[in-house]
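Asker: Handing you this structure, nothing more for now.
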Amino acid sequence: MSQIAAAEPWPENATLYQPLKEDQILLSDCASSLAVQAYLRMCGLPVQVVCRVNAEYMSPSGKIPFIHVGNQVVSELGPIVQFTKAKGHSLSEALDDVQRAEMKAYMELVNNMLLTAELYIQWCDDATATEISRPRYSSPYSWPLSSILAYQKQWEVRRKMNAIGWGGKTLEQVYEDVSQCCQALSQRLGTQPYFFNKHPTELDALVFGHLFTILTTRLTSAELAERIKSYSNLLSFCRRIEQTYFEDKHSVLPSFIPSL
Amino acid sequence: ISSIHILDPLPMKGPELGVQADDIEPPEIEQEPKQEVLENKDVVVQRVHIDGLGRTKEDLLTYEIAGVFRAKNLIDVMRKSHEARQKLLRLGIFRKVNVVIDTSRGEDALPNGLDVTFEVTELRRMTGSYNTMVGNNEGSMVLGLKLPNVFGRAEKLTFQFSYGTKETSYGLSFFKPQPGNFERNFSVNVYKVTGQFPWSSLRETDRGVSAEFSFPVWRTSQTLKWEGVWRELSCLARTASFAVRQESGHSLKSSLSHAMVIDTRNSSILPRQGGLLKIHQVSVYISDPHLNLVPTPLTDVLSASLWGGLLLPIGDKPTSIADRFYLGGPTSIRGFSMYSLGPQSEGDYLGGEAYWAGGLHLYTPLPFRPGRGGFGDLFRTHFFLNAGNLCNLNYGEGPQAHLKKLAECIRWSYGLGIVLRLGNIARLELNYCIPMGVQSGDRICDGVQFGAGIRFL
């Protein structure tokens, strides 16, 4: 980040952009956006959430979410963490090198497993793609543009899945992968309030973003949510973060479905 | 392979195919044994031949040459034949048309009968072209394929493909006139065009299809066009302003437009007489009445032009950056950088919803008239005065406020330069410009400015 960006304090009018909440946004984007929102709340940095139909195209990297701070535009959690660090706000300063490496490893795990599984279920599972993903993705546009964009996105994601070797997986295998990822997270969390004991880090924000969104989003099958619910410490983790950081009038989280 | 078609005078019963021995030799003009005042001599056109047809269908041509039969005396025959020749040439399917008028031969030849023969050379079935273009920091290779007279009735199929270091574009177009009524025609286009606009840090990709229908009404030419475009906007650089970034994304535009043209100029690039009036309106927005007056047919020409445009959004939706008007540059208000006038954000020009621009030119031949009669005739010196304004309108205020806004902070410039005409399509200019009335945010190009283009103010 440039020196100039570091020098300016965090402005009041920082904005976070994402697709339309009610009709357009998909599971993976919602999870990523929630992760960034959680991180900024944990840092105590105010940000206003604005929904735009073309948020994906406005983003410099093509990924959701992105923030507009001063006259800088930064997208995705990784670069945003770097950006806030340059401004003097960081959640992982207290960690030593070993812990930081561990944190990075777990963040990679979440990105490679959970995020990829979300994309797979959205676009490679025909039932979900037809009933949920394509209609939602194309809702702001009129025909024939709506069909063109939806199929183009689906084809692009499927190509990426093939490239990373997920093309041949079945839905069951994907659910298994998610379970294993959750097991690793659950073991690491243990009985602590946050992954690195007392204080949340960007890893907590990322895990919260994904797990909470999966738990509160209705898909064609409730299997994914069920897999997560079997880990009670992850559920209480999500509840804790929701209560600590999102219990204010500005919070627009969907209602949390309590465990059975 | 050429065949000779013999057509009966009106009413037509249909062409007879066949070769007659008389007609194989090229006819020659016979010398009359005594002088007669030919223009007063009554004649009858007995036969009209068209020689040299390959794939062209005869029914298309009978309409164009029908006028020749109505000629009553020799001068009339010559005039009508010349008109028919012009009509055959404007179909765009013949490379050459020669007219031969001769007295009738054969058993049924009348003493005052004439045979008129049109010797035509058809264009080749397919022509290809290859060009390289360099401009705007991009080099590109342009391949063109043209199929004139595809099915024999003056239909034209054109394909163009441009492959550049930065962008790729292509287009396919099909044109069909109504047989017998060339000015009534329709054309269908399919295209994908990508453009980069560094003055706005914007990149635009249009994929579209359009259908156009033209027909003459009295002395005007009317065109109705429907166009459907899938438009994709994106930022050209990471440093693009947020105002431009907000416009990124996809949109679908469907427009219905109507244009009316009256063109009596004798040349579209450096006309010496005549005028062009073009009024163009589109269902989504109204734009561009052109008014180009050129009075004197002397070697010095005074030319005035006026452009204007207005963009009215329907409902509350804001206008898109790709629909707004841009002003400035060597083809509009000289002395300013390309499209670098008016509303801008962080160096990116966003365009405006209303504009006007006017130009006054005095064209004179080059001093000392070098190369007169040849190359030198393509050049002119010109003295110009350009003025204009571009702004956004707040539609809550009334028209009075709008006019006032367009009238204040007028940008204008004056200067002189050299104009070169390229064929009948384009022109090059090299000018020395002095911009005035520059507002903060405008980018100027004072001093020497070079311009190339088709449409100049």
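Simple scheme: letters A, B, ... for chains in structure tokens order, numbers from 1 for residues in each chain, numbers from 1 for ligands in the order shown.
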Find the residues near A:Thr84: any atom within 9 Å, counting only C-alpha atoms, skip ones fewer than 6 places away on the same chain, and give them as a ChimeraX atom specification.

Answerer: /A:6,10,40,43,90

Asker: Find the residues of chain A in contact range of chain B, meaning any atom within 7 Å when counting only C-alpha atoms, and list them as a list in words.

Answerer: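 Every residue of chain A that passes the 7 Å test is in Asn54, Tyr57, Met58, Pro60 and Leu145 of chain A.
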
Asker: Please run DSSP on the backbone and report, as a ChimeraX atom specification, all residues within stretch 43-208 of chain B that come out as helix (DSSP H, G or I).

Answerer: /B:58-70,74-90

Asker: Which polymer residues have any atom within 6 Å of an atom of stretch 101-113 of chain B, counting only C-alpha atoms, with same-chain residues fewer than 3 positions away left out, as an mmCIF file with N, CA and C atoms, in the first residue's frame?

Answerer:
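Okay, around.cif is ready:
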data_model
loop_
_atom_site.group_PDB
_atom_site.id
_atom_site.type_symbol
_atom_site.label_atom_id
_atom_site.label_comp_id
_atom_site.auth_asym_id
_atom_site.auth_seq_id
_atom_site.Cartn_x
_atom_site.Cartn_y
_atom_site.Cartn_z
ATOM 1 N N ILE B 29 -20.819 2.940 -84.899
ATOM 2 C CA ILE B 29 -21.670 4.065 -85.308
ATOM 3 C C ILE B 29 -21.452 4.284 -86.794
ATOM 4 N N VAL B 43 -37.067 9.289 -83.203
ATOM 5 C CA VAL B 43 -36.525 7.934 -83.233
ATOM 6 C C VAL B 43 -37.384 7.039 -82.351
ATOM 7 N N VAL B 44 -37.221 5.773 -82.578
ATOM 8 C CA VAL B 44 -37.884 4.777 -81.729
ATOM 9 C C VAL B 44 -36.820 3.803 -81.250
ATOM 10 N N VAL B 45 -36.780 3.608 -79.979
ATOM 11 C CA VAL B 45 -35.824 2.631 -79.440
ATOM 12 C C VAL B 45 -36.461 1.261 -79.535
ATOM 13 N N GLN B 46 -35.848 0.437 -80.372
ATOM 14 C CA GLN B 46 -36.469 -0.863 -80.598
ATOM 15 C C GLN B 46 -35.961 -1.933 -79.656
ATOM 16 N N VAL B 116 -29.932 0.141 -78.390
ATOM 17 C CA VAL B 116 -29.029 0.627 -77.349
ATOM 18 C C VAL B 116 -28.440 -0.586 -76.645
#

Asker: Looking at A:Ala38, A:Ile121, A:Val110, A:Ala222, which one is nearest to A:Val81, with distances taken over only C-alpha atoms?

Answerer: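 The answer is A:Ala38, which sits nearest to A:Val81.
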
Asker: Please list as a PyMOL selection string every residue within 12 Å of B:Asp348, counting only C-alpha atoms and excluding residues in the same chain fewer than 3 positions away.

Answerer: chain B and resi 197-202+235-237+239-245+321+326+338-345+351+441-443

Asker: Grab the residues selected above and save them as a CSV table (one decimal), in the first residue's frame with N, CA, C and O atoms.

Answerer:
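Written out: again-v1.csv:
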chain,number,residue,atom,x,y,z
B,197,PHE,N,-11.3,4.1,-24.4
B,197,PHE,CA,-11.5,5.5,-24.3
B,197,PHE,C,-10.6,6.1,-23.2
B,197,PHE,O,-11.0,6.2,-22.1
B,198,PRO,N,-9.3,6.3,-23.5
B,198,PRO,CA,-8.4,6.7,-22.4
B,198,PRO,C,-8.8,8.0,-21.7
B,198,PRO,O,-8.5,8.2,-20.5
B,199,TRP,N,-9.6,8.9,-22.4
B,199,TRP,CA,-9.9,10.1,-21.8
B,199,TRP,C,-10.9,10.0,-20.6
B,199,TRP,O,-11.1,10.8,-19.8
B,200,SER,N,-11.6,8.8,-20.6
B,200,SER,CA,-12.5,8.5,-19.5
B,200,SER,C,-12.0,7.3,-18.7
B,200,SER,O,-12.7,6.8,-17.8
B,201,SER,N,-10.9,6.7,-19.1
B,201,SER,CA,-10.4,5.5,-18.5
B,201,SER,C,-11.4,4.4,-18.6
B,201,SER,O,-11.7,3.6,-17.7
B,202,LEU,N,-12.1,4.3,-19.8
B,202,LEU,CA,-13.2,3.4,-19.9
B,202,LEU,C,-12.9,2.5,-21.1
B,202,LEU,O,-12.4,2.9,-22.1
B,235,CYS,N,-13.4,-0.6,-16.4
B,235,CYS,CA,-12.3,0.4,-16.2
B,235,CYS,C,-11.1,0.0,-17.0
B,235,CYS,O,-10.7,-1.1,-17.1
B,236,LEU,N,-10.5,1.0,-17.6
B,236,LEU,CA,-9.3,0.7,-18.4
B,236,LEU,C,-8.0,0.6,-17.6
B,236,LEU,O,-7.1,-0.1,-18.0
B,237,ALA,N,-8.0,1.2,-16.4
B,237,ALA,CA,-6.8,1.2,-15.6
B,237,ALA,C,-7.3,1.1,-14.1
B,237,ALA,O,-8.4,1.5,-13.8
B,239,THR,N,-6.3,3.0,-12.0
B,239,THR,CA,-6.4,4.4,-11.5
B,239,THR,C,-7.7,5.1,-12.0
B,239,THR,O,-7.8,6.3,-11.8
B,240,ALA,N,-8.6,4.4,-12.6
B,240,ALA,CA,-9.8,5.0,-13.0
B,240,ALA,C,-10.6,5.6,-11.8
B,240,ALA,O,-10.5,5.1,-10.7
B,241,SER,N,-11.2,6.8,-12.1
B,241,SER,CA,-12.0,7.4,-11.0
B,241,SER,C,-13.1,6.6,-10.6
B,241,SER,O,-13.6,5.7,-11.3
B,242,PHE,N,-13.6,6.8,-9.3
B,242,PHE,CA,-14.7,6.0,-8.8
B,242,PHE,C,-16.0,6.2,-9.6
B,242,PHE,O,-16.8,5.4,-9.8
B,243,ALA,N,-16.1,7.5,-10.1
B,243,ALA,CA,-17.3,7.8,-10.9
B,243,ALA,C,-17.4,6.9,-12.1
B,243,ALA,O,-18.5,6.4,-12.5
B,244,VAL,N,-16.3,6.6,-12.7
B,244,VAL,CA,-16.3,5.7,-13.9
B,244,VAL,C,-16.4,4.2,-13.4
B,244,VAL,O,-17.1,3.4,-14.1
B,245,ARG,N,-15.8,3.9,-12.3
B,245,ARG,CA,-15.9,2.5,-11.8
B,245,ARG,C,-17.4,2.2,-11.5
B,245,ARG,O,-17.8,1.0,-11.7
B,321,ILE,N,-22.7,6.4,-18.9
B,321,ILE,CA,-21.5,7.2,-19.4
B,321,ILE,C,-21.4,6.9,-20.9
B,321,ILE,O,-20.9,7.7,-21.7
B,326,TYR,N,-19.8,13.7,-25.8
B,326,TYR,CA,-18.4,14.1,-25.5
B,326,TYR,C,-18.0,15.2,-26.5
B,326,TYR,O,-18.5,15.2,-27.7
B,338,MET,N,-8.7,15.4,-27.1
B,338,MET,CA,-9.8,14.5,-27.5
B,338,MET,C,-10.8,14.3,-26.4
B,338,MET,O,-10.5,13.7,-25.4
B,339,TYR,N,-12.0,14.8,-26.7
B,339,TYR,CA,-13.1,14.5,-25.8
B,339,TYR,C,-12.8,15.0,-24.3
B,339,TYR,O,-13.3,14.4,-23.4
B,340,SER,N,-12.0,16.0,-24.2
B,340,SER,CA,-11.5,16.3,-22.9
B,340,SER,C,-12.1,17.7,-22.5
B,340,SER,O,-11.4,18.6,-22.2
B,341,LEU,N,-13.4,17.7,-22.5
B,341,LEU,CA,-14.1,19.0,-22.2
B,341,LEU,C,-15.3,18.6,-21.3
B,341,LEU,O,-15.9,17.6,-21.5
B,342,GLY,N,-15.6,19.5,-20.4
B,342,GLY,CA,-16.8,19.3,-19.6
B,342,GLY,C,-16.6,18.5,-18.3
B,342,GLY,O,-15.5,18.5,-17.8
B,343,PRO,N,-17.7,17.9,-17.9
B,343,PRO,CA,-17.7,17.2,-16.6
B,343,PRO,C,-16.6,16.2,-16.5
B,343,PRO,O,-16.5,15.4,-17.4
B,344,GLN,N,-15.9,16.2,-15.4
B,344,GLN,CA,-14.8,15.2,-15.3
B,344,GLN,C,-14.6,14.9,-13.8
B,344,GLN,O,-15.1,15.6,-12.9
B,345,SER,N,-14.0,13.7,-13.6
B,345,SER,CA,-13.7,13.3,-12.2
B,345,SER,C,-12.4,12.7,-12.1
B,345,SER,O,-12.1,11.7,-12.8
B,351,GLY,N,-18.5,13.0,-19.8
B,351,GLY,CA,-19.5,13.3,-20.8
B,351,GLY,C,-20.6,14.1,-20.3
B,351,GLY,O,-20.7,14.4,-19.1
B,441,GLY,N,-10.4,22.0,-15.5
B,441,GLY,CA,-10.7,20.6,-15.7
B,441,GLY,C,-10.6,20.2,-17.2
B,441,GLY,O,-10.4,19.1,-17.5
B,442,ASP,N,-10.7,21.2,-18.1
B,442,ASP,CA,-10.5,20.9,-19.5
B,442,ASP,C,-9.0,20.7,-19.8
B,442,ASP,O,-8.2,21.3,-19.3
B,443,ARG,N,-8.8,19.8,-20.8
B,443,ARG,CA,-7.4,19.6,-21.2
B,443,ARG,C,-7.3,20.3,-22.6
B,443,ARG,O,-8.1,20.0,-23.5

Asker: Which residues are near stretch 150-163 of chain B? Cut-off 10 Å, only C-alpha atoms, ignore same chain within fewer than 2 positions. Put them as a PDB file with N, CA and C atoms, in the first residue's frame.

Answerer:
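What ended up in part.pdb:
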ATOM      1  N   LEU B  53     -23.624  -9.973 -68.635  1.00  0.00           N
ATOM      2  CA  LEU B  53     -24.167 -10.404 -67.348  1.00  0.00           C
ATOM      3  C   LEU B  53     -23.723 -11.801 -67.005  1.00  0.00           C
ATOM      4  N   GLY B  54     -23.442 -12.049 -65.783  1.00  0.00           N
ATOM      5  CA  GLY B  54     -23.068 -13.387 -65.337  1.00  0.00           C
ATOM      6  C   GLY B  54     -24.082 -13.869 -64.334  1.00  0.00           C
ATOM      7  N   ARG B  55     -23.928 -13.396 -63.101  1.00  0.00           N
ATOM      8  CA  ARG B  55     -24.845 -13.872 -62.066  1.00  0.00           C
ATOM      9  C   ARG B  55     -26.000 -12.913 -61.803  1.00  0.00           C
ATOM     10  N   THR B  56     -25.927 -11.729 -62.387  1.00  0.00           N
ATOM     11  CA  THR B  56     -27.004 -10.776 -62.125  1.00  0.00           C
ATOM     12  C   THR B  56     -28.298 -11.229 -62.789  1.00  0.00           C
ATOM     13  N   LYS B  57     -29.393 -11.085 -62.057  1.00  0.00           N
ATOM     14  CA  LYS B  57     -30.689 -11.486 -62.614  1.00  0.00           C
ATOM     15  C   LYS B  57     -31.265 -10.343 -63.446  1.00  0.00           C
ATOM     16  N   GLU B  58     -31.876 -10.707 -64.587  1.00  0.00           N
ATOM     17  CA  GLU B  58     -32.325  -9.640 -65.499  1.00  0.00           C
ATOM     18  C   GLU B  58     -33.429  -8.804 -64.897  1.00  0.00           C
ATOM     19  N   ASP B  59     -34.319  -9.412 -64.088  1.00  0.00           N
ATOM     20  CA  ASP B  59     -35.470  -8.631 -63.640  1.00  0.00           C
ATOM     21  C   ASP B  59     -35.043  -7.432 -62.802  1.00  0.00           C
ATOM     22  N   LEU B  60     -33.872  -7.501 -62.221  1.00  0.00           N
ATOM     23  CA  LEU B  60     -33.386  -6.364 -61.460  1.00  0.00           C
ATOM     24  C   LEU B  60     -33.083  -5.188 -62.370  1.00  0.00           C
ATOM     25  N   LEU B  61     -32.577  -5.492 -63.573  1.00  0.00           N
ATOM     26  CA  LEU B  61     -32.065  -4.435 -64.430  1.00  0.00           C
ATOM     27  C   LEU B  61     -33.129  -3.807 -65.312  1.00  0.00           C
ATOM     28  N   LEU B  91     -26.157   0.744 -58.446  1.00  0.00           N
ATOM     29  CA  LEU B  91     -26.487  -0.542 -57.835  1.00  0.00           C
ATOM     30  C   LEU B  91     -25.284  -1.137 -57.127  1.00  0.00           C
ATOM     31  N   GLY B  92     -24.084  -0.694 -57.534  1.00  0.00           N
ATOM     32  CA  GLY B  92     -22.892  -1.199 -56.867  1.00  0.00           C
ATOM     33  C   GLY B  92     -22.522  -2.612 -57.264  1.00  0.00           C
ATOM     34  N   ILE B  93     -22.968  -3.062 -58.424  1.00  0.00           N
ATOM     35  CA  ILE B  93     -22.655  -4.431 -58.825  1.00  0.00           C
ATOM     36  C   ILE B  93     -21.818  -4.486 -60.092  1.00  0.00           C
ATOM     37  N   PHE B  94     -21.622  -3.339 -60.731  1.00  0.00           N
ATOM     38  CA  PHE B  94     -20.849  -3.321 -61.970  1.00  0.00           C
ATOM     39  C   PHE B  94     -19.615  -2.473 -61.770  1.00  0.00           C
ATOM     40  N   ARG B 125     -16.969 -11.861 -57.771  1.00  0.00           N
ATOM     41  CA  ARG B 125     -17.871 -12.451 -56.787  1.00  0.00           C
ATOM     42  C   ARG B 125     -17.466 -12.162 -55.341  1.00  0.00           C
ATOM     43  N   MET B 126     -16.190 -12.177 -55.107  1.00  0.00           N
ATOM     44  CA  MET B 126     -15.719 -11.941 -53.745  1.00  0.00           C
ATOM     45  C   MET B 126     -14.430 -11.139 -53.806  1.00  0.00           C
ATOM     46  N   THR B 127     -14.377 -10.085 -53.021  1.00  0.00           N
ATOM     47  CA  THR B 127     -13.118  -9.356 -52.944  1.00  0.00           C
ATOM     48  C   THR B 127     -12.692  -9.328 -51.489  1.00  0.00           C
ATOM     49  N   GLY B 128     -11.390  -9.448 -51.305  1.00  0.00           N
ATOM     50  CA  GLY B 128     -10.874  -9.408 -49.948  1.00  0.00           C
ATOM     51  C   GLY B 128      -9.939  -8.226 -49.815  1.00  0.00           C
ATOM     52  N   SER B 129      -9.793  -7.752 -48.578  1.00  0.00           N
ATOM     53  CA  SER B 129      -8.839  -6.670 -48.376  1.00  0.00           C
ATOM     54  C   SER B 129      -8.125  -6.916 -47.066  1.00  0.00           C
ATOM     55  N   TYR B 130      -6.941  -6.416 -47.015  1.00  0.00           N
ATOM     56  CA  TYR B 130      -6.144  -6.576 -45.805  1.00  0.00           C
ATOM     57  C   TYR B 130      -5.469  -5.248 -45.523  1.00  0.00           C
ATOM     58  N   ASN B 131      -5.688  -4.716 -44.340  1.00  0.00           N
ATOM     59  CA  ASN B 131      -5.043  -3.458 -43.973  1.00  0.00           C
ATOM     60  C   ASN B 131      -4.425  -3.592 -42.611  1.00  0.00           C
ATOM     61  N   THR B 132      -3.400  -2.796 -42.370  1.00  0.00           N
ATOM     62  CA  THR B 132      -2.925  -2.672 -40.999  1.00  0.00           C
ATOM     63  C   THR B 132      -3.197  -1.238 -40.572  1.00  0.00           C
ATOM     64  N   MET B 133      -3.598  -1.085 -39.325  1.00  0.00           N
ATOM     65  CA  MET B 133      -3.906   0.252 -38.831  1.00  0.00           C
ATOM     66  C   MET B 133      -3.116   0.500 -37.569  1.00  0.00           C
ATOM     67  N   GLY B 139      -1.930  -1.275 -32.473  1.00  0.00           N
ATOM     68  CA  GLY B 139      -1.813  -1.651 -33.877  1.00  0.00           C
ATOM     69  C   GLY B 139      -2.817  -2.734 -34.145  1.00  0.00           C
ATOM     70  N   SER B 140      -3.410  -2.725 -35.328  1.00  0.00           N
ATOM     71  CA  SER B 140      -4.335  -3.810 -35.612  1.00  0.00           C
ATOM     72  C   SER B 140      -4.314  -4.176 -37.072  1.00  0.00           C
ATOM     73  N   MET B 141      -4.781  -5.413 -37.309  1.00  0.00           N
ATOM     74  CA  MET B 141      -4.820  -5.966 -38.638  1.00  0.00           C
ATOM     75  C   MET B 141      -6.294  -6.102 -39.003  1.00  0.00           C
ATOM     76  N   VAL B 142      -6.668  -5.545 -40.118  1.00  0.00           N
ATOM     77  CA  VAL B 142      -8.078  -5.542 -40.495  1.00  0.00           C
ATOM     78  C   VAL B 142      -8.259  -6.367 -41.759  1.00  0.00           C
ATOM     79  N   LEU B 143      -9.098  -7.382 -41.660  1.00  0.00           N
ATOM     80  CA  LEU B 143      -9.402  -8.200 -42.830  1.00  0.00           C
ATOM     81  C   LEU B 143     -10.815  -7.888 -43.266  1.00  0.00           C
ATOM     82  N   GLY B 144     -10.970  -7.677 -44.549  1.00  0.00           N
ATOM     83  CA  GLY B 144     -12.319  -7.412 -45.029  1.00  0.00           C
ATOM     84  C   GLY B 144     -12.680  -8.374 -46.128  1.00  0.00           C
ATOM     85  N   LEU B 145     -13.949  -8.725 -46.166  1.00  0.00           N
ATOM     86  CA  LEU B 145     -14.420  -9.640 -47.205  1.00  0.00           C
ATOM     87  C   LEU B 145     -15.713  -9.054 -47.733  1.00  0.00           C
ATOM     88  N   LYS B 146     -15.772  -8.860 -49.031  1.00  0.00           N
ATOM     89  CA  LYS B 146     -16.972  -8.248 -49.568  1.00  0.00           C
ATOM     90  C   LYS B 146     -17.527  -9.145 -50.670  1.00  0.00           C
ATOM     91  N   LEU B 147     -18.789  -9.454 -50.599  1.00  0.00           N
ATOM     92  CA  LEU B 147     -19.441 -10.238 -51.647  1.00  0.00           C
ATOM     93  C   LEU B 147     -20.537  -9.384 -52.260  1.00  0.00           C
ATOM     94  N   PRO B 148     -20.225  -8.656 -53.342  1.00  0.00           N
ATOM     95  CA  PRO B 148     -21.287  -7.855 -53.946  1.00  0.00           C
ATOM     96  C   PRO B 148     -22.174  -8.740 -54.813  1.00  0.00           C
ATOM     97  N   THR B 165      -3.608  -5.350 -31.181  1.00  0.00           N
ATOM     98  CA  THR B 165      -2.770  -5.717 -30.044  1.00  0.00           C
ATOM     99  C   THR B 165      -3.569  -5.639 -28.752  1.00  0.00           C
ATOM    100  N   LYS B 166      -4.627  -4.820 -28.737  1.00  0.00           N
ATOM    101  CA  LYS B 166      -5.405  -4.711 -27.518  1.00  0.00           C
ATOM    102  C   LYS B 166      -6.811  -5.291 -27.650  1.00  0.00           C
ATOM    103  N   GLU B 167      -7.444  -5.017 -28.749  1.00  0.00           N
ATOM    104  CA  GLU B 167      -8.856  -5.413 -28.871  1.00  0.00           C
ATOM    105  C   GLU B 167      -9.122  -6.120 -30.189  1.00  0.00           C
ATOM    106  N   THR B 168     -10.222  -6.867 -30.206  1.00  0.00           N
ATOM    107  CA  THR B 168     -10.643  -7.559 -31.424  1.00  0.00           C
ATOM    108  C   THR B 168     -12.081  -7.190 -31.718  1.00  0.00           C
ATOM    109  N   SER B 169     -12.385  -6.907 -32.970  1.00  0.00           N
ATOM    110  CA  SER B 169     -13.761  -6.573 -33.335  1.00  0.00           C
ATOM    111  C   SER B 169     -14.128  -7.262 -34.631  1.00  0.00           C
ATOM    112  N   TYR B 170     -15.410  -7.497 -34.823  1.00  0.00           N
ATOM    113  CA  TYR B 170     -15.845  -8.044 -36.104  1.00  0.00           C
ATOM    114  C   TYR B 170     -17.281  -7.647 -36.382  1.00  0.00           C
ATOM    115  N   GLY B 171     -17.616  -7.725 -37.641  1.00  0.00           N
ATOM    116  CA  GLY B 171     -18.980  -7.363 -38.008  1.00  0.00           C
ATOM    117  C   GLY B 171     -19.372  -8.036 -39.300  1.00  0.00           C
ATOM    118  N   LEU B 172     -20.642  -8.364 -39.398  1.00  0.00           N
ATOM    119  CA  LEU B 172     -21.180  -9.010 -40.599  1.00  0.00           C
ATOM    120  C   LEU B 172     -22.410  -8.224 -41.004  1.00  0.00           C
ATOM    121  N   SER B 173     -22.508  -7.919 -42.272  1.00  0.00           N
ATOM    122  CA  SER B 173     -23.621  -7.072 -42.682  1.00  0.00           C
ATOM    123  C   SER B 173     -24.205  -7.561 -43.992  1.00  0.00           C
ATOM    124  N   PHE B 174     -25.514  -7.530 -44.097  1.00  0.00           N
ATOM    125  CA  PHE B 174     -26.206  -7.979 -45.304  1.00  0.00           C
ATOM    126  C   PHE B 174     -27.135  -6.867 -45.761  1.00  0.00           C
ATOM    127  N   PHE B 175     -27.024  -6.513 -47.032  1.00  0.00           N
ATOM    128  CA  PHE B 175     -27.791  -5.396 -47.574  1.00  0.00           C
ATOM    129  C   PHE B 175     -28.612  -5.880 -48.755  1.00  0.00           C
ATOM    130  N   LYS B 176     -29.896  -5.513 -48.804  1.00  0.00           N
ATOM    131  CA  LYS B 176     -30.704  -5.918 -49.955  1.00  0.00           C
ATOM    132  C   LYS B 176     -31.600  -4.771 -50.387  1.00  0.00           C
ATOM    133  N   PRO B 177     -31.467  -4.316 -51.632  1.00  0.00           N
ATOM    134  CA  PRO B 177     -32.380  -3.294 -52.123  1.00  0.00           C
ATOM    135  C   PRO B 177     -33.600  -3.938 -52.769  1.00  0.00           C
ATOM    136  N   GLN B 178     -34.638  -3.130 -52.885  1.00  0.00           N
ATOM    137  CA  GLN B 178     -35.819  -3.647 -53.572  1.00  0.00           C
ATOM    138  C   GLN B 178     -35.561  -3.562 -55.074  1.00  0.00           C
ATOM    139  N   PRO B 179     -35.786  -4.658 -55.825  1.00  0.00           N
ATOM    140  CA  PRO B 179     -35.519  -4.577 -57.267  1.00  0.00           C
ATOM    141  C   PRO B 179     -36.394  -3.513 -57.898  1.00  0.00           C
ATOM    142  N   GLY B 180     -35.763  -2.632 -58.635  1.00  0.00           N
ATOM    143  CA  GLY B 180     -36.502  -1.574 -59.299  1.00  0.00           C
ATOM    144  C   GLY B 180     -36.586  -0.316 -58.471  1.00  0.00           C
ATOM    145  N   PHE B 182     -34.036   1.117 -55.906  1.00  0.00           N
ATOM    146  CA  PHE B 182     -32.813   0.907 -55.120  1.00  0.00           C
ATOM    147  C   PHE B 182     -32.796   1.699 -53.817  1.00  0.00           C
ATOM    148  N   ASN B 185     -34.374   0.027 -49.330  1.00  0.00           N
ATOM    149  CA  ASN B 185     -33.533  -1.132 -49.065  1.00  0.00           C
ATOM    150  C   ASN B 185     -33.524  -1.416 -47.574  1.00  0.00           C
ATOM    151  N   PHE B 186     -33.092  -2.606 -47.246  1.00  0.00           N
ATOM    152  CA  PHE B 186     -32.902  -2.887 -45.831  1.00  0.00           C
ATOM    153  C   PHE B 186     -31.552  -3.560 -45.637  1.00  0.00           C
ATOM    154  N   SER B 187     -31.048  -3.440 -44.431  1.00  0.00           N
ATOM    155  CA  SER B 187     -29.818  -4.161 -44.136  1.00  0.00           C
ATOM    156  C   SER B 187     -29.852  -4.665 -42.702  1.00  0.00           C
ATOM    157  N   VAL B 188     -29.162  -5.757 -42.494  1.00  0.00           N
ATOM    158  CA  VAL B 188     -29.104  -6.416 -41.192  1.00  0.00           C
ATOM    159  C   VAL B 188     -27.632  -6.536 -40.803  1.00  0.00           C
ATOM    160  N   ASN B 189     -27.314  -6.171 -39.585  1.00  0.00           N
ATOM    161  CA  ASN B 189     -25.919  -6.247 -39.137  1.00  0.00           C
ATOM    162  C   ASN B 189     -25.798  -7.010 -37.841  1.00  0.00           C
ATOM    163  N   VAL B 190     -24.684  -7.705 -37.722  1.00  0.00           N
ATOM    164  CA  VAL B 190     -24.343  -8.356 -36.453  1.00  0.00           C
ATOM    165  C   VAL B 190     -22.905  -7.953 -36.162  1.00  0.00           C
ATOM    166  N   TYR B 191     -22.622  -7.526 -34.940  1.00  0.00           N
ATOM    167  CA  TYR B 191     -21.257  -7.035 -34.721  1.00  0.00           C
ATOM    168  C   TYR B 191     -20.821  -7.198 -33.280  1.00  0.00           C
ATOM    169  N   LYS B 192     -19.520  -7.185 -33.142  1.00  0.00           N
ATOM    170  CA  LYS B 192     -18.926  -7.060 -31.814  1.00  0.00           C
ATOM    171  C   LYS B 192     -17.802  -6.048 -31.949  1.00  0.00           C
ATOM    172  N   VAL B 193     -17.892  -4.990 -31.197  1.00  0.00           N
ATOM    173  CA  VAL B 193     -16.925  -3.907 -31.314  1.00  0.00           C
ATOM    174  C   VAL B 193     -16.411  -3.565 -29.932  1.00  0.00           C
TER     175      VAL B 193
END

Asker: Would you pick out the contacts of B:Leu390 at 6 Å or less, using only C-alpha atoms, so that residues sharing its chain but fewer than 4 positions from it are not included, and give the list as a count of residues only?

Answerer: 4

Asker: I want to know what sits within 10 Å of stretch 217-219 of chain B, based on only C-alpha atoms, with residues of the same chain fewer than 5 positions away left out; could you give that as a ChimeraX atom specification?

Answerer: /B:183-184,260-264
